[in-house]
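Data from query.txt: compact mmCIF, C-alpha atoms and all ligand atoms
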# COMPACT_ATOMS: atom_id res chain seq x y z
CA MET A 25 0.00 0.00 0.00
CA THR A 26 1.42 3.41 -0.88
CA GLY A 27 1.52 6.31 1.57
CA GLN A 28 -1.00 8.16 -0.53
CA ALA A 29 -3.62 5.40 -0.41
CA GLN A 30 -3.19 4.62 3.27
CA SER A 31 -5.64 6.51 5.45
CA LEU A 32 -4.21 9.19 7.72
CA TYR A 33 -5.74 7.45 10.69
CA ARG A 34 -3.84 4.24 9.99
CA LYS A 35 -0.66 6.03 9.06
CA TRP A 36 -0.65 8.27 12.14
CA ARG A 37 -2.11 5.87 14.67
CA SER A 38 -0.19 6.29 17.95
CA GLN A 39 2.85 4.02 18.13
CA THR A 40 4.06 5.26 21.52
CA PHE A 41 2.28 6.20 24.72
CA SER A 42 3.49 9.79 24.43
CA ASP A 43 1.85 9.99 20.97
CA LEU A 44 -1.45 8.98 22.43
CA VAL A 45 -3.27 12.23 23.01
CA GLY A 46 -5.76 13.08 25.73
CA GLN A 47 -5.77 9.95 27.92
CA GLU A 48 -2.99 10.81 30.37
CA ALA A 49 -4.56 9.18 33.44
CA VAL A 50 -5.12 5.86 31.67
CA ILE A 51 -1.64 5.85 30.16
CA GLN A 52 0.11 6.67 33.42
CA THR A 53 -1.66 3.87 35.28
CA LEU A 54 -0.95 1.32 32.56
CA ARG A 55 2.71 2.28 32.23
CA GLN A 56 3.15 1.91 35.96
CA ALA A 57 1.44 -1.47 35.94
CA VAL A 58 3.79 -2.67 33.18
CA ALA A 59 6.87 -1.26 34.94
CA GLN A 60 5.94 -2.92 38.23
CA ALA A 61 4.78 -6.15 36.55
CA ARG A 62 1.36 -5.70 38.10
CA LEU A 63 -0.84 -6.21 35.08
CA THR A 64 -4.16 -7.84 35.67
CA HIS A 65 -5.43 -10.33 33.08
CA ALA A 66 -8.54 -8.46 31.94
CA TYR A 67 -9.18 -4.80 31.21
CA LEU A 68 -12.33 -2.97 30.28
CA PHE A 69 -11.70 0.14 28.18
CA SER A 70 -14.85 2.21 27.93
CA GLY A 71 -15.43 5.56 26.27
CA PRO A 72 -16.60 7.34 23.12
CA ARG A 73 -15.57 6.12 19.67
CA GLY A 74 -12.17 7.04 18.33
CA THR A 75 -10.65 8.05 21.67
CA GLY A 76 -7.76 5.56 21.62
CA LYS A 77 -9.10 2.35 23.17
CA THR A 78 -7.78 -0.16 20.62
CA SER A 79 -4.63 1.91 20.01
CA THR A 80 -3.91 1.69 23.74
CA ALA A 81 -4.57 -2.06 23.71
CA ARG A 82 -2.03 -2.53 20.90
CA LEU A 83 0.50 -0.39 22.76
CA LEU A 84 -0.03 -2.57 25.80
CA ALA A 85 0.66 -5.66 23.68
CA LYS A 86 3.84 -4.00 22.41
CA MET A 87 5.01 -3.10 25.89
CA VAL A 88 4.62 -6.56 27.35
CA ASN A 89 6.46 -8.24 24.46
CA CYS A 90 9.03 -5.63 23.48
CA THR A 91 12.58 -6.96 23.82
CA ASN A 92 14.03 -3.48 24.28
CA PRO A 93 11.59 -1.13 26.05
CA ARG A 94 12.92 2.32 26.99
CA ASP A 95 11.49 4.76 29.53
CA GLY A 96 8.12 3.05 29.60
CA GLU A 97 7.80 3.04 25.81
CA PRO A 98 8.01 0.18 23.31
CA CYS A 99 11.09 0.36 21.05
CA ASN A 100 9.04 0.02 17.82
CA THR A 101 11.98 -1.67 16.10
CA CYS A 102 12.20 -5.18 17.57
CA LEU A 103 10.49 -8.07 15.78
CA SER A 104 7.51 -8.13 18.13
CA CYS A 105 6.93 -4.36 17.89
CA SER A 106 7.24 -4.38 14.08
CA GLU A 107 4.78 -7.24 13.74
CA ILE A 108 2.22 -5.45 15.89
CA THR A 109 2.68 -2.16 13.99
CA ASP A 110 2.15 -4.01 10.69
CA GLY A 111 -0.91 -5.83 12.01
CA ARG A 112 0.60 -9.28 11.39
CA SER A 113 1.43 -10.29 14.95
CA THR A 114 0.13 -13.66 16.09
CA ASP A 115 0.28 -12.37 19.68
CA VAL A 116 -2.49 -9.83 19.12
CA PHE A 117 -5.90 -11.16 18.26
CA GLU A 118 -8.63 -8.64 17.54
CA ILE A 119 -12.30 -9.56 17.30
CA ASP A 120 -15.11 -7.17 16.43
CA ALA A 121 -18.08 -8.21 18.54
CA ALA A 122 -20.42 -6.12 16.40
CA SER A 123 -20.10 -8.70 13.61
CA ASN A 124 -19.04 -11.73 15.74
CA ARG A 125 -21.55 -11.63 18.53
CA GLY A 126 -22.49 -15.29 19.00
CA ILE A 127 -21.45 -18.17 21.19
CA ASP A 128 -19.55 -19.91 18.36
CA GLU A 129 -17.17 -16.99 17.95
CA ILE A 130 -16.48 -16.87 21.68
CA ARG A 131 -15.89 -20.64 21.76
CA GLU A 132 -13.43 -20.23 18.92
CA LEU A 133 -11.77 -17.44 20.87
CA ARG A 134 -11.60 -19.69 23.94
CA ASP A 135 -9.84 -22.38 21.89
CA ARG A 136 -7.32 -19.83 20.65
CA VAL A 137 -6.73 -18.56 24.18
CA ARG A 138 -5.76 -22.08 25.28
CA VAL A 139 -2.97 -22.34 22.73
CA VAL A 140 0.20 -21.34 24.54
CA SER A 141 2.70 -19.06 22.82
CA ALA A 142 5.65 -21.16 21.67
CA ILE A 143 8.21 -18.49 22.46
CA GLY A 144 6.84 -17.40 25.80
CA ARG A 145 5.25 -14.18 24.63
CA THR A 146 2.17 -12.69 26.22
CA ARG A 147 -0.82 -12.80 23.92
CA LEU A 148 -3.43 -10.07 23.96
CA PHE A 149 -7.05 -10.57 22.95
CA ILE A 150 -8.99 -7.44 22.07
CA ILE A 151 -12.77 -7.74 21.91
CA ASP A 152 -14.01 -4.51 20.38
CA GLU A 153 -17.62 -3.33 20.88
CA VAL A 154 -17.93 -6.09 23.47
CA HIS A 155 -21.40 -4.90 24.54
CA MET A 156 -22.75 -6.41 21.29
CA LEU A 157 -22.20 -10.00 22.47
CA THR A 158 -25.25 -12.19 23.08
CA THR A 159 -26.04 -13.37 26.61
CA GLU A 160 -24.76 -16.88 25.79
CA ALA A 161 -21.56 -15.43 24.39
CA PHE A 162 -21.07 -13.32 27.52
CA ASN A 163 -21.49 -16.43 29.68
CA ALA A 164 -18.89 -18.29 27.65
CA LEU A 165 -16.55 -15.30 27.88
CA LEU A 166 -17.09 -15.12 31.64
CA LYS A 167 -15.88 -18.71 32.02
CA THR A 168 -12.70 -17.82 30.15
CA LEU A 169 -12.18 -14.71 32.27
CA GLU A 170 -12.66 -16.75 35.44
CA GLU A 171 -9.98 -19.27 34.50
CA PRO A 172 -7.46 -17.29 32.48
CA PRO A 173 -4.48 -19.23 31.14
CA PRO A 174 -1.07 -17.75 31.94
CA ASN A 175 0.46 -15.12 29.64
CA VAL A 176 -2.87 -13.98 28.27
CA LEU A 177 -4.35 -10.49 28.53
CA PHE A 178 -7.86 -9.50 27.58
CA VAL A 179 -8.93 -6.02 26.61
CA LEU A 180 -12.67 -5.55 26.30
CA ALA A 181 -13.43 -2.27 24.54
CA THR A 182 -16.83 -0.63 24.47
CA THR A 183 -18.67 2.58 23.80
CA GLU A 184 -21.58 1.36 25.96
CA ALA A 185 -20.30 -0.07 29.23
CA HIS A 186 -23.79 -0.05 30.79
CA LYS A 187 -24.78 -2.93 28.46
CA ILE A 188 -22.11 -5.26 29.86
CA PRO A 189 -23.16 -7.74 32.56
CA ALA A 190 -21.91 -6.87 36.06
CA THR A 191 -20.39 -10.35 36.33
CA VAL A 192 -18.08 -9.56 33.40
CA ILE A 193 -17.27 -6.03 34.61
CA SER A 194 -16.31 -7.36 38.04
CA ARG A 195 -13.62 -9.53 36.40
CA CYS A 196 -11.97 -6.54 34.73
CA GLN A 197 -9.95 -3.54 35.72
CA ARG A 198 -11.84 -0.64 34.24
CA PHE A 199 -10.45 2.41 32.45
CA GLU A 200 -12.52 5.34 31.26
CA PHE A 201 -11.42 6.99 28.03
CA ARG A 202 -12.52 10.60 27.78
CA ARG A 203 -13.44 12.68 24.78
CA ILE A 204 -10.24 14.36 23.63
CA ALA A 205 -10.02 18.11 24.24
CA LEU A 206 -10.51 20.35 21.21
CA ARG A 207 -7.07 21.98 21.54
CA ASP A 208 -5.38 18.55 21.68
CA ILE A 209 -7.16 17.43 18.51
CA ILE A 210 -6.25 20.67 16.73
CA ALA A 211 -2.60 20.27 17.77
CA ARG A 212 -2.49 16.69 16.47
CA LEU A 213 -4.19 17.70 13.19
CA GLN A 214 -1.62 20.49 12.81
CA TYR A 215 1.22 18.04 13.42
CA VAL A 216 -0.11 15.50 10.91
CA SER A 217 -0.78 18.27 8.35
CA ASP A 218 2.79 19.53 8.69
CA GLN A 219 4.20 16.02 8.31
CA GLU A 220 2.01 15.40 5.25
CA GLY A 221 2.90 18.72 3.63
CA LEU A 222 -0.68 20.02 3.82
CA ARG A 223 -1.21 23.77 3.97
CA THR A 224 -4.13 24.28 6.28
CA GLU A 225 -5.75 27.43 7.60
CA PRO A 226 -5.95 27.27 11.42
CA HIS A 227 -9.70 27.82 11.31
CA ALA A 228 -10.07 24.87 8.91
CA LEU A 229 -8.46 22.57 11.48
CA GLU A 230 -10.66 23.97 14.21
CA LEU A 231 -13.80 23.26 12.17
CA ILE A 232 -12.64 19.69 11.51
CA ALA A 233 -11.70 19.17 15.17
CA ARG A 234 -15.09 20.44 16.35
CA ALA A 235 -16.94 18.17 13.93
CA ALA A 236 -15.01 15.18 15.29
CA GLN A 237 -16.59 15.72 18.74
CA GLY A 238 -13.68 14.49 20.79
CA GLY A 239 -12.70 11.53 18.62
CA MET A 240 -9.21 11.51 17.11
CA ARG A 241 -10.05 8.80 14.57
CA ASP A 242 -12.95 10.85 13.20
CA ALA A 243 -10.78 13.98 13.17
CA LEU A 244 -8.11 12.29 11.04
CA SER A 245 -10.75 10.74 8.75
CA LEU A 246 -12.24 14.20 8.21
CA LEU A 247 -8.78 15.60 7.44
CA ASP A 248 -8.46 12.80 4.87
CA GLN A 249 -11.78 13.81 3.34
CA ALA A 250 -10.76 17.47 3.33
CA ARG A 251 -7.60 16.56 1.41
CA ALA A 252 -9.62 14.51 -1.07
CA PHE A 253 -12.01 17.46 -1.44
CA ALA A 254 -9.56 20.37 -1.56
CA GLY A 255 -6.12 18.94 -2.31
CA ASP A 256 -3.05 19.94 -0.31
CA ALA A 257 -4.25 23.47 0.50
CA ILE A 258 -7.20 23.31 2.87
CA SER A 259 -8.96 26.61 3.52
CA ALA A 260 -11.61 27.21 6.16
CA GLU A 261 -14.13 27.61 3.36
CA ALA A 262 -13.19 24.23 1.87
CA ALA A 263 -13.47 22.58 5.30
CA ARG A 264 -16.87 24.18 5.77
CA SER A 265 -18.14 22.94 2.39
CA MET A 266 -16.74 19.48 2.99
CA LEU A 267 -18.52 19.32 6.36
CA GLY A 268 -21.79 20.57 4.85
CA MET A 269 -21.64 23.74 6.94
CA ALA A 270 -23.22 27.02 5.90
CA ASP A 271 -21.48 30.34 5.30
CA PRO A 272 -21.40 32.01 8.77
CA ALA A 273 -22.87 35.22 7.33
CA LEU A 274 -25.95 33.30 6.15
CA VAL A 275 -26.29 31.62 9.56
CA ARG A 276 -26.14 35.02 11.26
CA GLY A 277 -28.89 36.06 8.86
CA VAL A 278 -31.19 33.35 10.23
CA ILE A 279 -30.71 34.73 13.74
CA GLU A 280 -31.37 38.27 12.53
CA PHE A 281 -34.68 37.12 11.01
CA VAL A 282 -35.58 35.48 14.33
CA ALA A 283 -34.64 38.63 16.27
CA ALA A 284 -36.80 40.70 13.91
CA GLY A 285 -39.72 38.27 14.32
CA ASP A 286 -39.67 37.68 10.55
CA THR A 287 -40.81 34.03 10.37
CA ALA A 288 -41.28 34.01 6.60
CA GLY A 289 -37.82 35.50 6.05
CA GLY A 290 -36.21 32.99 8.41
CA LEU A 291 -37.91 29.99 6.81
CA HIS A 292 -37.03 31.27 3.37
CA ARG A 293 -33.36 31.53 4.37
CA ILE A 294 -33.33 28.02 5.87
CA ASN A 295 -35.01 26.64 2.76
CA HIS A 296 -32.42 28.37 0.60
CA LEU A 297 -29.59 26.87 2.70
CA ALA A 298 -31.13 23.38 2.55
CA GLN A 299 -31.44 23.57 -1.22
CA SER A 300 -27.82 24.64 -1.56
CA GLY A 301 -26.76 21.29 -0.05
CA ILE A 302 -26.15 22.31 3.56
CA ASP A 303 -26.38 19.53 6.14
CA LEU A 304 -29.29 20.65 8.35
CA ARG A 305 -27.82 18.98 11.44
CA GLN A 306 -24.68 21.04 10.91
CA LEU A 307 -26.84 24.14 10.48
CA ALA A 308 -28.53 23.39 13.83
CA ASN A 309 -25.09 23.04 15.44
CA GLN A 310 -23.91 26.30 13.88
CA LEU A 311 -27.04 28.12 15.08
CA ALA A 312 -26.66 26.72 18.59
CA GLU A 313 -22.99 27.72 18.69
CA LEU A 314 -23.71 31.23 17.45
CA TRP A 315 -26.53 31.66 19.95
CA ARG A 316 -24.24 30.48 22.72
CA GLN A 317 -21.65 33.07 21.70
CA LEU A 318 -24.29 35.80 21.60
CA MET A 319 -25.52 34.88 25.09
CA LEU A 320 -21.98 34.84 26.45
CA THR A 321 -21.33 38.23 24.89
CA ARG A 322 -24.51 39.66 26.39
CA ALA A 323 -23.58 38.21 29.80
CA GLY A 324 -20.29 40.06 29.52
CA ALA A 325 -18.14 36.92 29.36
ZN ZN A 401 10.15 -3.46 20.74
For this file, write the structure as structure tokens.
Ligand SMILES: [Zn+2]
Amino acid sequence: MTGQAQSLYRKWRSQTFSDLVGQEAVIQTLRQAVAQARLTHAYLFSGPRGTGKTSTARLLAKMVNCTNPRDGEPCNTCLSCSEITDGRSTDVFEIDAASNRGIDEIRELRDRVRVVSAIGRTRLFIIDEVHMLTTEAFNALLKTLEEPPPNVLFVLATTEAHKIPATVISRCQRFEFRRIALRDIIARLQYVSDQEGLRTEPHALELIARAAQGGMRDALSLLDQARAFAGDAISAEAARSMLGMADPALVRGVIEFVAAGDTAGGLHRINHLAQSGIDLRQLANQLAELWRQLMLTRAGA
């Protein structure tokens, strides 16, 4: 695969803990656990999509098998690290529970778990979107979690922890992944843009970061789309069009119609915006944001 065809998210996925933005508390705890050899055998990573759950799981797999770790980071050059980076490691097994939700898949997983690594490595099993499993599958998983073989780690990742049975949760150490702060996403987008030779207006990156709503994966996917849409020079206007957002002057116009009590004028403007291809959900967000700013201004903030 060439660099051009590879998605920015895959290309710039965090390969070290210090690359992993916005989850400092989780990272610090995990690094300490690795350093002190106090890892537990099952982790539950919960939090919004695209906030680094599976990236962290892969980093954990790297750390426990790296032959030359430095300062709490994997070396990223040894055989084990390289295999994990390239997605061809037999020590990391990833299953998407959204499409493998039944008992048969979990039985198959259980059989794999029993196979011991020939060269003494720790194997890591990631079950993504684990809340999608059926009740029978959860029961089978619970048995495996209750009698874990040596040198096996489980990472259960979910966006909806409340759907996971308490019996399963009680077997795991739980980590909460937070939405990533806007400024952290903007900084990462700026870094990736610089590395990729993209010329981006700061406001363009802010628009993309806001649309990603705290998810780094979505932010990088949107940057990909912006590049496909606008080429290597990404203006704020291009980002706005790509996101289906309206010209701010036209959005302000809607509010002016409302302030003037001109219902017909306001509806006419919204209709005009809808027909020009604006995403109405984005328009609602833009209106809400503008109203918020107006209220803050009036309150003297
Ligand atoms: Zn290594």
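Residues in contact with ligand ZN 401 (chain A) comprise Lys86, Met87, Asn89, Cys90, Thr91, Asn92, Pro93, Arg94, Glu97, Pro98, Cys99, Asn100, Thr101, Cys102, Leu103, Ser104, Cys105 and Ser106 of chain A, where contact means an atom-to-atom distance of at most 9 Å counting all atoms listed in the file.
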(Q) Which residues are close to region 290-302 of chain A, i.e. within 7 Å by all atoms listed in the file, leaving aside same-chain residues fewer than 5 positions away? Reply as a list of chain:residue names. (A)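 Answer for this query is A:Gly268, A:Met269, A:Ala270, A:Val278, A:Phe281, A:Val282.
Closest approach to Leu222 (chain A) among A:Ile258, A:Leu304, A:Met240, A:Ala250: A:Ile258, based on only C-alpha atoms.
Straight-line separation from CA of Met266 (chain A) to CA of Leu246 (chain A): 8.7 Å.
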Q.
Please list as a VMD selection string every residue within 10 Å of Ile51 (chain A), counting only C-alpha atoms and excluding residues in the same chain fewer than 5 positions away.
A. chain A and resid 41 to 42 44 to 46 56 to 57 80 83 to 84 199
Serialized selection, C-alpha atoms, as a short mmCIF file (atom, residue, chain, number, x, y, z; two decimals), in the coordinates of the input:
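Result file out-v5.cif:
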data_model
loop_
_atom_site.label_atom_id
_atom_site.label_comp_id
_atom_site.auth_asym_id
_atom_site.auth_seq_id
_atom_site.Cartn_x
_atom_site.Cartn_y
_atom_site.Cartn_z
CA PHE A 41 2.28 6.20 24.72
CA SER A 42 3.49 9.79 24.43
CA LEU A 44 -1.45 8.98 22.43
CA VAL A 45 -3.27 12.23 23.01
CA GLY A 46 -5.76 13.08 25.73
CA GLN A 56 3.15 1.91 35.96
CA ALA A 57 1.44 -1.47 35.94
CA THR A 80 -3.91 1.69 23.74
CA LEU A 83 0.50 -0.39 22.76
CA LEU A 84 -0.03 -2.57 25.80
CA PHE A 199 -10.45 2.41 32.45
#
